[in-house]
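This report refers to the structure that appears directly beneath it.
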Amino acid sequence: MAQEMPPWLHGKITRERAEQLLKPWQDGLFLVRESTHYPGDFTLCVCISGRVEHYHIITTTSGNGTSQVLTIDEDVYFPNLRALVQHYKEDADGLVCNLKMAVERKSDRIMDGQSSFKSKDADQNNMKTLMTGPWAVNKNELKLGEEIGHGFFGAVRVGEYKNKKVAVKVILGNNEAAQSIISEASIMTQLRHPNLVALIGVVPDNPNGISIILEFMAKGNLLDYVRSRGRSVITKKLQLKFSLDIVAGMVYLEQKTFVHRDLAARNILISEDDIAKVSDFGLAQDSSTQLGVGGKIPVKWTAPEAYKDKKFTTKSDVWSFGILLWELFSFGRVPYPRVPADDVMAFLYDGNTMATPGENCKDVHRLMQLCWNLNPEKRPKFVELEDKLKSLYAIVNSDS
């Protein structure tokens, strides 16, 4: 029988809400909240010396790959949140202090419109709706093959559904991960575009979770694609073609007021016929979204205002698109080479930007620089970037 949710677990509340709940910030006062940046992960919020420290609790797979475990320092691992909290009550073990007194949530109902934790009945209703709606797939119609990837939620496996090759995200049975899968599937039911990886259906996998069935993208992610093929295979025409594919998907998300929040070459997938499609909607949310601190933010892809204020918008997606273009035209180099991640924000606020990744793409570099305006309001819209990229593509196409 499942345990009741611990009283100190507050759901998906913002950093600001957590700090309000922790006042008057007595040493050792704590709560745990769900990470909004990394679904399935958590943040431990601890008071010390009149401030609040936020620790990222990572959900990962145990050494033998059979179960989900939790860790803060990737040195000590715990089977569940209760065990983690108990450990840090007994020993600070690297935290600012021992956990002493918990701030308990008022109820299991949604708090201030921020928490994703609902009553058990509501959670079961969400699952039931997803499982019985038009996206539901009979498990017997799906054949699972070999594992082709792995994430915090479990495995990605190749499959076959109605004589068609598919990719299947398979939950390992962790309840928090199941919530993320349900969230991603729910988002994808609202989105349909040729340049977004398509949801095909959802299927029960075990009593605690589900799997989601996605279109199969034979050539993997864009980052690996450009790194493995290099300049001898990938022409500027193809790079611009990929850029147009991606921006078309982002124009659609912009129109739908969805914010991706993790736009990067690693999250773009390539089909057998070289169509680039935006993927990984586990973090996407409608309208502007507030990110709880404590998640490991991909600094080199994140707009300065999003990093500072933890607020993600379409304009921060535009910044990330500029970084993605740099990855694409540099053939997969890590952004800000020779600049440590901890120094990136200082580098930007000093007025610096990345140089062009190549002599033959100075025109595209000018678009990147438009995306990297420190003032979000001065960055172009995706539809404007699409028009500029179309013009560049037409020039290259006429020359070839």
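Chain lettering (A, B, ...) mirrors the order of the structure tokens, residue numbering begins at 1 for each chain separately, and ligand numbering begins at 1 in order of display.
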
- Task: Write out as number ranges by chain each polymer residue whose atoms come within 9 Å of range 343-358 of chain A, counting only C-alpha atoms; drop sequence neighbours fewer than 4 positions from it.
- Result: A: 299-300, 304, 307, 326-327, 329-331, 333, 335-337, 339, 362, 364-366, 368-369, 372, 374

Dump as a PDB file, in the first residue's frame, selection limited to N, CA, C and O atoms:
```
ATOM      1  N   VAL A 299      23.362  26.571 -17.877  1.00  0.00           N
ATOM      2  CA  VAL A 299      23.738  27.982 -17.902  1.00  0.00           C
ATOM      3  C   VAL A 299      24.087  28.455 -19.304  1.00  0.00           C
ATOM      4  O   VAL A 299      23.690  29.551 -19.716  1.00  0.00           O
ATOM      5  N   LYS A 300      24.821  27.657 -20.052  1.00  0.00           N
ATOM      6  CA  LYS A 300      25.316  28.117 -21.352  1.00  0.00           C
ATOM      7  C   LYS A 300      24.212  28.231 -22.400  1.00  0.00           C
ATOM      8  O   LYS A 300      24.457  28.753 -23.485  1.00  0.00           O
ATOM      9  N   PRO A 304      20.093  35.409 -19.722  1.00  0.00           N
ATOM     10  CA  PRO A 304      20.488  35.988 -18.430  1.00  0.00           C
ATOM     11  C   PRO A 304      19.324  36.265 -17.490  1.00  0.00           C
ATOM     12  O   PRO A 304      19.402  35.993 -16.289  1.00  0.00           O
ATOM     13  N   TYR A 307      18.079  33.053 -16.049  1.00  0.00           N
ATOM     14  CA  TYR A 307      19.005  32.542 -15.035  1.00  0.00           C
ATOM     15  C   TYR A 307      18.876  33.336 -13.740  1.00  0.00           C
ATOM     16  O   TYR A 307      18.867  32.764 -12.648  1.00  0.00           O
ATOM     17  N   TRP A 326      24.436  28.444 -32.891  1.00  0.00           N
ATOM     18  CA  TRP A 326      25.897  28.407 -32.734  1.00  0.00           C
ATOM     19  C   TRP A 326      26.390  26.963 -32.653  1.00  0.00           C
ATOM     20  O   TRP A 326      27.406  26.602 -33.259  1.00  0.00           O
ATOM     21  N   GLU A 327      25.662  26.105 -31.905  1.00  0.00           N
ATOM     22  CA  GLU A 327      26.019  24.685 -31.847  1.00  0.00           C
ATOM     23  C   GLU A 327      25.981  24.058 -33.231  1.00  0.00           C
ATOM     24  O   GLU A 327      26.888  23.310 -33.627  1.00  0.00           O
ATOM     25  N   PHE A 329      26.161  25.465 -36.287  1.00  0.00           N
ATOM     26  CA  PHE A 329      27.136  25.959 -37.256  1.00  0.00           C
ATOM     27  C   PHE A 329      28.582  25.786 -36.784  1.00  0.00           C
ATOM     28  O   PHE A 329      29.508  26.009 -37.555  1.00  0.00           O
ATOM     29  N   SER A 330      28.761  25.380 -35.535  1.00  0.00           N
ATOM     30  CA  SER A 330      30.112  25.041 -35.055  1.00  0.00           C
ATOM     31  C   SER A 330      30.335  23.535 -35.095  1.00  0.00           C
ATOM     32  O   SER A 330      31.339  23.048 -34.595  1.00  0.00           O
ATOM     33  N   PHE A 331      29.368  22.809 -35.634  1.00  0.00           N
ATOM     34  CA  PHE A 331      29.429  21.352 -35.741  1.00  0.00           C
ATOM     35  C   PHE A 331      29.512  20.675 -34.368  1.00  0.00           C
ATOM     36  O   PHE A 331      30.244  19.714 -34.180  1.00  0.00           O
ATOM     37  N   ARG A 333      30.223  22.069 -31.207  1.00  0.00           N
ATOM     38  CA  ARG A 333      31.116  22.503 -30.118  1.00  0.00           C
ATOM     39  C   ARG A 333      30.289  22.947 -28.912  1.00  0.00           C
ATOM     40  O   ARG A 333      29.130  23.362 -29.043  1.00  0.00           O
ATOM     41  N   PRO A 335      29.070  25.512 -26.296  1.00  0.00           N
ATOM     42  CA  PRO A 335      29.014  26.989 -26.312  1.00  0.00           C
ATOM     43  C   PRO A 335      30.001  27.606 -25.318  1.00  0.00           C
ATOM     44  O   PRO A 335      30.363  26.996 -24.320  1.00  0.00           O
ATOM     45  N   TYR A 336      30.409  28.812 -25.616  1.00  0.00           N
ATOM     46  CA  TYR A 336      31.363  29.562 -24.794  1.00  0.00           C
ATOM     47  C   TYR A 336      32.619  28.741 -24.519  1.00  0.00           C
ATOM     48  O   TYR A 336      32.986  28.501 -23.364  1.00  0.00           O
ATOM     49  N   PRO A 337      33.293  28.291 -25.577  1.00  0.00           N
ATOM     50  CA  PRO A 337      34.530  27.539 -25.347  1.00  0.00           C
ATOM     51  C   PRO A 337      35.531  28.386 -24.564  1.00  0.00           C
ATOM     52  O   PRO A 337      35.639  29.589 -24.770  1.00  0.00           O
ATOM     53  N   VAL A 339      35.254  29.399 -21.644  1.00  0.00           N
ATOM     54  CA  VAL A 339      34.608  30.170 -20.577  1.00  0.00           C
ATOM     55  C   VAL A 339      33.915  29.177 -19.640  1.00  0.00           C
ATOM     56  O   VAL A 339      32.967  28.499 -20.057  1.00  0.00           O
ATOM     57  N   LYS A 362      28.964  34.135 -41.218  1.00  0.00           N
ATOM     58  CA  LYS A 362      28.864  35.435 -40.550  1.00  0.00           C
ATOM     59  C   LYS A 362      27.453  36.007 -40.643  1.00  0.00           C
ATOM     60  O   LYS A 362      27.000  36.721 -39.744  1.00  0.00           O
ATOM     61  N   VAL A 364      24.657  34.245 -40.539  1.00  0.00           N
ATOM     62  CA  VAL A 364      23.872  33.581 -39.495  1.00  0.00           C
ATOM     63  C   VAL A 364      24.288  34.085 -38.118  1.00  0.00           C
ATOM     64  O   VAL A 364      23.458  34.223 -37.217  1.00  0.00           O
ATOM     65  N   HIS A 365      25.577  34.403 -37.968  1.00  0.00           N
ATOM     66  CA  HIS A 365      26.060  34.931 -36.685  1.00  0.00           C
ATOM     67  C   HIS A 365      25.368  36.238 -36.333  1.00  0.00           C
ATOM     68  O   HIS A 365      25.103  36.521 -35.159  1.00  0.00           O
ATOM     69  N   ARG A 366      25.047  37.033 -37.343  1.00  0.00           N
ATOM     70  CA  ARG A 366      24.320  38.280 -37.077  1.00  0.00           C
ATOM     71  C   ARG A 366      22.931  37.994 -36.499  1.00  0.00           C
ATOM     72  O   ARG A 366      22.438  38.737 -35.639  1.00  0.00           O
ATOM     73  N   MET A 368      22.280  35.300 -34.678  1.00  0.00           N
ATOM     74  CA  MET A 368      22.561  34.853 -33.314  1.00  0.00           C
ATOM     75  C   MET A 368      22.673  36.048 -32.377  1.00  0.00           C
ATOM     76  O   MET A 368      22.122  36.046 -31.270  1.00  0.00           O
ATOM     77  N   GLN A 369      23.376  37.080 -32.833  1.00  0.00           N
ATOM     78  CA  GLN A 369      23.578  38.256 -31.984  1.00  0.00           C
ATOM     79  C   GLN A 369      22.262  38.977 -31.688  1.00  0.00           C
ATOM     80  O   GLN A 369      22.092  39.551 -30.608  1.00  0.00           O
ATOM     81  N   TRP A 372      20.776  37.327 -28.842  1.00  0.00           N
ATOM     82  CA  TRP A 372      21.514  37.485 -27.587  1.00  0.00           C
ATOM     83  C   TRP A 372      21.474  38.904 -27.045  1.00  0.00           C
ATOM     84  O   TRP A 372      22.351  39.310 -26.275  1.00  0.00           O
ATOM     85  N   LEU A 374      20.694  41.559 -24.488  1.00  0.00           N
ATOM     86  CA  LEU A 374      20.448  41.426 -23.048  1.00  0.00           C
ATOM     87  C   LEU A 374      19.055  41.895 -22.662  1.00  0.00           C
ATOM     88  O   LEU A 374      18.514  41.471 -21.639  1.00  0.00           O
TER      89      LEU A 374
END
```

- Using only C-alpha atoms, which residue out of A:Val251, A:Arg261, A:Leu238, A:Lys162 lies closest to Asp273 in chain A?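 Selected residue with least distance to Asp273 in chain A: A:Leu238.
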
- CA of Lys311 in chain A to CA of Pro376 in chain A measures 11.6 Å

- Task: Tell me which of A:Leu222, A:Leu29, A:Met217, A:Val52 sits closest to Asn267 in chain A, counting only C-alpha atoms.
- Result: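 Of the candidates, the smallest distance to Asn267 in chain A is held by A:Leu222.
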
- For the atom pair CA of Val166 in chain A and CA of Tyr252 in chain A, what is the interatomic distance in Å to one decimal place? 23.6 Å

- Query: Can you list every residue in range 26-108 of chain A that DSSP puts in strand (DSSP E or B), as a ChimeraX atom specification?
  - Reply: /A:29-34,42-48,51-61,68-71,78,101-102

- Best match for closeness to Asp245 in chain A among A:Asn140, A:Asn221, A:Thr189, A:Asn195, counting only C-alpha atoms: A:Asn195

- Counting only C-alpha atoms, what is within 9 Å of Leu392 in chain A, bar same-chain residues fewer than 4 positions away, as a PyMOL selection string? chain A and resi 240+363-364+387-388+396-397

- Which of these residues is nearest to Leu144 in chain A, using only C-alpha atoms: A:Ser211, A:Thr59, A:Gln68, A:Gln26?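 Going through A:Ser211, A:Thr59, A:Gln68, A:Gln26 one by one, the smallest distance to Leu144 in chain A is for A:Ser211.
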
- Separation of CA of Glu377 in chain A from CA of Tyr393 in chain A, in Å and rounded to one decimal: 26.3 Å

- Message: Give me the residues near range 5-10 of chain A as JSON, numbers by chain, where near means some atom within 6 Å (using only C-alpha atoms) and where sequence neighbours in that chain fewer than 4 positions away do not count.
- Response: {"A": [31, 32, 33, 102, 103, 104, 105]}

Using DSSP on the backbone coordinates, identify the residues of range 135-280 of chain A assigned to alpha helix (DSSP H); present them as a PDB file with N, CA, C and O atoms, in the first residue's frame.
```pdb
ATOM      1  N   ASN A 175       6.847   7.086  -8.820  1.00  0.00           N
ATOM      2  CA  ASN A 175       5.642   7.912  -8.883  1.00  0.00           C
ATOM      3  C   ASN A 175       5.926   9.327  -9.389  1.00  0.00           C
ATOM      4  O   ASN A 175       5.151   9.883 -10.155  1.00  0.00           O
ATOM      5  N   GLU A 176       7.046   9.927  -8.940  1.00  0.00           N
ATOM      6  CA  GLU A 176       7.365  11.271  -9.387  1.00  0.00           C
ATOM      7  C   GLU A 176       7.654  11.288 -10.893  1.00  0.00           C
ATOM      8  O   GLU A 176       7.265  12.191 -11.612  1.00  0.00           O
ATOM      9  N   ALA A 177       8.377  10.261 -11.334  1.00  0.00           N
ATOM     10  CA  ALA A 177       8.659  10.175 -12.765  1.00  0.00           C
ATOM     11  C   ALA A 177       7.374   9.964 -13.552  1.00  0.00           C
ATOM     12  O   ALA A 177       7.213  10.492 -14.646  1.00  0.00           O
ATOM     13  N   ALA A 178       6.448   9.186 -12.997  1.00  0.00           N
ATOM     14  CA  ALA A 178       5.166   8.961 -13.667  1.00  0.00           C
ATOM     15  C   ALA A 178       4.429  10.281 -13.853  1.00  0.00           C
ATOM     16  O   ALA A 178       3.828  10.528 -14.900  1.00  0.00           O
ATOM     17  N   GLN A 179       4.482  11.146 -12.846  1.00  0.00           N
ATOM     18  CA  GLN A 179       3.835  12.450 -12.954  1.00  0.00           C
ATOM     19  C   GLN A 179       4.431  13.256 -14.101  1.00  0.00           C
ATOM     20  O   GLN A 179       3.726  13.951 -14.832  1.00  0.00           O
ATOM     21  N   SER A 180       5.757  13.169 -14.275  1.00  0.00           N
ATOM     22  CA  SER A 180       6.409  13.889 -15.358  1.00  0.00           C
ATOM     23  C   SER A 180       5.981  13.353 -16.713  1.00  0.00           C
ATOM     24  O   SER A 180       5.733  14.120 -17.647  1.00  0.00           O
ATOM     25  N   ILE A 181       5.903  12.022 -16.827  1.00  0.00           N
ATOM     26  CA  ILE A 181       5.492  11.413 -18.090  1.00  0.00           C
ATOM     27  C   ILE A 181       4.066  11.838 -18.434  1.00  0.00           C
ATOM     28  O   ILE A 181       3.750  12.168 -19.574  1.00  0.00           O
ATOM     29  N   ILE A 182       3.192  11.834 -17.419  1.00  0.00           N
ATOM     30  CA  ILE A 182       1.804  12.249 -17.630  1.00  0.00           C
ATOM     31  C   ILE A 182       1.765  13.717 -18.075  1.00  0.00           C
ATOM     32  O   ILE A 182       1.037  14.089 -18.990  1.00  0.00           O
ATOM     33  N   SER A 183       2.601  14.545 -17.432  1.00  0.00           N
ATOM     34  CA  SER A 183       2.653  15.965 -17.787  1.00  0.00           C
ATOM     35  C   SER A 183       3.118  16.147 -19.226  1.00  0.00           C
ATOM     36  O   SER A 183       2.531  16.919 -19.991  1.00  0.00           O
ATOM     37  N   GLU A 184       4.184  15.427 -19.605  1.00  0.00           N
ATOM     38  CA  GLU A 184       4.700  15.546 -20.967  1.00  0.00           C
ATOM     39  C   GLU A 184       3.665  15.090 -21.981  1.00  0.00           C
ATOM     40  O   GLU A 184       3.438  15.740 -23.006  1.00  0.00           O
ATOM     41  N   ALA A 185       3.006  13.959 -21.693  1.00  0.00           N
ATOM     42  CA  ALA A 185       1.990  13.451 -22.615  1.00  0.00           C
ATOM     43  C   ALA A 185       0.832  14.440 -22.734  1.00  0.00           C
ATOM     44  O   ALA A 185       0.315  14.674 -23.835  1.00  0.00           O
ATOM     45  N   SER A 186       0.436  15.029 -21.614  1.00  0.00           N
ATOM     46  CA  SER A 186      -0.672  15.994 -21.629  1.00  0.00           C
ATOM     47  C   SER A 186      -0.332  17.207 -22.485  1.00  0.00           C
ATOM     48  O   SER A 186      -1.167  17.711 -23.238  1.00  0.00           O
ATOM     49  N   ILE A 187       0.916  17.670 -22.364  1.00  0.00           N
ATOM     50  CA  ILE A 187       1.357  18.808 -23.173  1.00  0.00           C
ATOM     51  C   ILE A 187       1.325  18.453 -24.648  1.00  0.00           C
ATOM     52  O   ILE A 187       0.827  19.204 -25.491  1.00  0.00           O
ATOM     53  N   MET A 188       1.824  17.257 -24.972  1.00  0.00           N
ATOM     54  CA  MET A 188       1.939  16.875 -26.374  1.00  0.00           C
ATOM     55  C   MET A 188       0.588  16.632 -27.036  1.00  0.00           C
ATOM     56  O   MET A 188       0.470  16.748 -28.256  1.00  0.00           O
ATOM     57  N   LEU A 222      20.315  16.192 -32.880  1.00  0.00           N
ATOM     58  CA  LEU A 222      21.076  17.077 -33.755  1.00  0.00           C
ATOM     59  C   LEU A 222      22.523  17.215 -33.315  1.00  0.00           C
ATOM     60  O   LEU A 222      23.435  17.277 -34.155  1.00  0.00           O
ATOM     61  N   LEU A 223      22.768  17.259 -32.023  1.00  0.00           N
ATOM     62  CA  LEU A 223      24.131  17.430 -31.524  1.00  0.00           C
ATOM     63  C   LEU A 223      25.016  16.276 -31.988  1.00  0.00           C
ATOM     64  O   LEU A 223      26.100  16.485 -32.535  1.00  0.00           O
ATOM     65  N   ASP A 224      24.557  15.051 -31.769  1.00  0.00           N
ATOM     66  CA  ASP A 224      25.330  13.885 -32.206  1.00  0.00           C
ATOM     67  C   ASP A 224      25.424  13.840 -33.729  1.00  0.00           C
ATOM     68  O   ASP A 224      26.440  13.415 -34.287  1.00  0.00           O
ATOM     69  N   TYR A 225      24.364  14.261 -34.383  1.00  0.00           N
ATOM     70  CA  TYR A 225      24.320  14.233 -35.855  1.00  0.00           C
ATOM     71  C   TYR A 225      25.440  15.089 -36.455  1.00  0.00           C
ATOM     72  O   TYR A 225      26.191  14.635 -37.313  1.00  0.00           O
ATOM     73  N   VAL A 226      25.553  16.329 -35.996  1.00  0.00           N
ATOM     74  CA  VAL A 226      26.563  17.217 -36.595  1.00  0.00           C
ATOM     75  C   VAL A 226      27.974  16.843 -36.141  1.00  0.00           C
ATOM     76  O   VAL A 226      28.939  17.008 -36.888  1.00  0.00           O
ATOM     77  N   ARG A 227      28.094  16.340 -34.920  1.00  0.00           N
ATOM     78  CA  ARG A 227      29.429  15.944 -34.446  1.00  0.00           C
ATOM     79  C   ARG A 227      29.949  14.723 -35.197  1.00  0.00           C
ATOM     80  O   ARG A 227      31.142  14.638 -35.492  1.00  0.00           O
ATOM     81  N   SER A 228      29.070  13.787 -35.502  1.00  0.00           N
ATOM     82  CA  SER A 228      29.519  12.533 -36.115  1.00  0.00           C
ATOM     83  C   SER A 228      29.726  12.653 -37.616  1.00  0.00           C
ATOM     84  O   SER A 228      30.488  11.882 -38.204  1.00  0.00           O
ATOM     85  N   ARG A 229      29.098  13.614 -38.255  1.00  0.00           N
ATOM     86  CA  ARG A 229      29.199  13.732 -39.715  1.00  0.00           C
ATOM     87  C   ARG A 229      30.182  14.820 -40.144  1.00  0.00           C
ATOM     88  O   ARG A 229      30.908  14.658 -41.102  1.00  0.00           O
ATOM     89  N   LYS A 236      26.335  24.072 -45.628  1.00  0.00           N
ATOM     90  CA  LYS A 236      25.635  25.236 -45.079  1.00  0.00           C
ATOM     91  C   LYS A 236      24.155  25.183 -45.463  1.00  0.00           C
ATOM     92  O   LYS A 236      23.281  25.577 -44.667  1.00  0.00           O
ATOM     93  N   LYS A 237      23.879  24.669 -46.659  1.00  0.00           N
ATOM     94  CA  LYS A 237      22.485  24.542 -47.083  1.00  0.00           C
ATOM     95  C   LYS A 237      21.705  23.637 -46.139  1.00  0.00           C
ATOM     96  O   LYS A 237      20.575  23.960 -45.748  1.00  0.00           O
ATOM     97  N   LEU A 238      22.315  22.524 -45.734  1.00  0.00           N
ATOM     98  CA  LEU A 238      21.639  21.619 -44.813  1.00  0.00           C
ATOM     99  C   LEU A 238      21.507  22.252 -43.432  1.00  0.00           C
ATOM    100  O   LEU A 238      20.474  22.112 -42.762  1.00  0.00           O
ATOM    101  N   GLN A 239      22.540  22.977 -43.004  1.00  0.00           N
ATOM    102  CA  GLN A 239      22.464  23.660 -41.706  1.00  0.00           C
ATOM    103  C   GLN A 239      21.320  24.669 -41.687  1.00  0.00           C
ATOM    104  O   GLN A 239      20.579  24.774 -40.699  1.00  0.00           O
ATOM    105  N   LEU A 240      21.176  25.421 -42.771  1.00  0.00           N
ATOM    106  CA  LEU A 240      20.090  26.397 -42.847  1.00  0.00           C
ATOM    107  C   LEU A 240      18.735  25.696 -42.926  1.00  0.00           C
ATOM    108  O   LEU A 240      17.743  26.178 -42.357  1.00  0.00           O
ATOM    109  N   LYS A 241      18.708  24.554 -43.608  1.00  0.00           N
ATOM    110  CA  LYS A 241      17.474  23.789 -43.701  1.00  0.00           C
ATOM    111  C   LYS A 241      17.052  23.315 -42.314  1.00  0.00           C
ATOM    112  O   LYS A 241      15.883  23.427 -41.923  1.00  0.00           O
ATOM    113  N   PHE A 242      18.008  22.790 -41.512  1.00  0.00           N
ATOM    114  CA  PHE A 242      17.708  22.388 -40.138  1.00  0.00           C
ATOM    115  C   PHE A 242      17.243  23.591 -39.319  1.00  0.00           C
ATOM    116  O   PHE A 242      16.305  23.502 -38.520  1.00  0.00           O
ATOM    117  N   SER A 243      17.897  24.736 -39.509  1.00  0.00           N
ATOM    118  CA  SER A 243      17.529  25.956 -38.776  1.00  0.00           C
ATOM    119  C   SER A 243      16.084  26.343 -39.071  1.00  0.00           C
ATOM    120  O   SER A 243      15.326  26.717 -38.155  1.00  0.00           O
ATOM    121  N   LEU A 244      15.689  26.239 -40.346  1.00  0.00           N
ATOM    122  CA  LEU A 244      14.316  26.568 -40.730  1.00  0.00           C
ATOM    123  C   LEU A 244      13.316  25.574 -40.146  1.00  0.00           C
ATOM    124  O   LEU A 244      12.224  25.958 -39.719  1.00  0.00           O
ATOM    125  N   ASP A 245      13.687  24.299 -40.121  1.00  0.00           N
ATOM    126  CA  ASP A 245      12.810  23.301 -39.504  1.00  0.00           C
ATOM    127  C   ASP A 245      12.545  23.648 -38.040  1.00  0.00           C
ATOM    128  O   ASP A 245      11.405  23.643 -37.570  1.00  0.00           O
ATOM    129  N   ILE A 246      13.627  23.938 -37.332  1.00  0.00           N
ATOM    130  CA  ILE A 246      13.514  24.200 -35.892  1.00  0.00           C
ATOM    131  C   ILE A 246      12.721  25.477 -35.638  1.00  0.00           C
ATOM    132  O   ILE A 246      11.838  25.510 -34.771  1.00  0.00           O
ATOM    133  N   VAL A 247      13.036  26.531 -36.385  1.00  0.00           N
ATOM    134  CA  VAL A 247      12.351  27.795 -36.141  1.00  0.00           C
ATOM    135  C   VAL A 247      10.865  27.678 -36.488  1.00  0.00           C
ATOM    136  O   VAL A 247      10.010  28.318 -35.846  1.00  0.00           O
ATOM    137  N   ALA A 248      10.524  26.831 -37.467  1.00  0.00           N
ATOM    138  CA  ALA A 248       9.105  26.626 -37.788  1.00  0.00           C
ATOM    139  C   ALA A 248       8.371  26.003 -36.603  1.00  0.00           C
ATOM    140  O   ALA A 248       7.241  26.401 -36.274  1.00  0.00           O
ATOM    141  N   GLY A 249       9.014  25.033 -35.957  1.00  0.00           N
ATOM    142  CA  GLY A 249       8.414  24.442 -34.760  1.00  0.00           C
ATOM    143  C   GLY A 249       8.269  25.444 -33.641  1.00  0.00           C
ATOM    144  O   GLY A 249       7.263  25.454 -32.921  1.00  0.00           O
ATOM    145  N   MET A 250       9.260  26.327 -33.512  1.00  0.00           N
ATOM    146  CA  MET A 250       9.213  27.322 -32.441  1.00  0.00           C
ATOM    147  C   MET A 250       8.210  28.439 -32.743  1.00  0.00           C
ATOM    148  O   MET A 250       7.615  28.997 -31.818  1.00  0.00           O
ATOM    149  N   VAL A 251       8.022  28.763 -34.013  1.00  0.00           N
ATOM    150  CA  VAL A 251       6.964  29.725 -34.378  1.00  0.00           C
ATOM    151  C   VAL A 251       5.618  29.174 -33.925  1.00  0.00           C
ATOM    152  O   VAL A 251       4.777  29.899 -33.363  1.00  0.00           O
ATOM    153  N   TYR A 252       5.422  27.906 -34.159  1.00  0.00           N
ATOM    154  CA  TYR A 252       4.162  27.261 -33.740  1.00  0.00           C
ATOM    155  C   TYR A 252       3.998  27.323 -32.214  1.00  0.00           C
ATOM    156  O   TYR A 252       2.920  27.681 -31.711  1.00  0.00           O
ATOM    157  N   LEU A 253       5.054  26.993 -31.474  1.00  0.00           N
ATOM    158  CA  LEU A 253       4.977  27.061 -30.011  1.00  0.00           C
ATOM    159  C   LEU A 253       4.725  28.491 -29.548  1.00  0.00           C
ATOM    160  O   LEU A 253       3.974  28.728 -28.597  1.00  0.00           O
ATOM    161  N   GLU A 254       5.365  29.455 -30.242  1.00  0.00           N
ATOM    162  CA  GLU A 254       5.165  30.864 -29.905  1.00  0.00           C
ATOM    163  C   GLU A 254       3.690  31.246 -30.096  1.00  0.00           C
ATOM    164  O   GLU A 254       3.096  31.926 -29.240  1.00  0.00           O
ATOM    165  N   GLN A 255       3.096  30.795 -31.185  1.00  0.00           N
ATOM    166  CA  GLN A 255       1.686  31.087 -31.444  1.00  0.00           C
ATOM    167  C   GLN A 255       0.774  30.434 -30.419  1.00  0.00           C
ATOM    168  O   GLN A 255      -0.274  30.973 -30.076  1.00  0.00           O
TER     169      GLN A 255
END
```
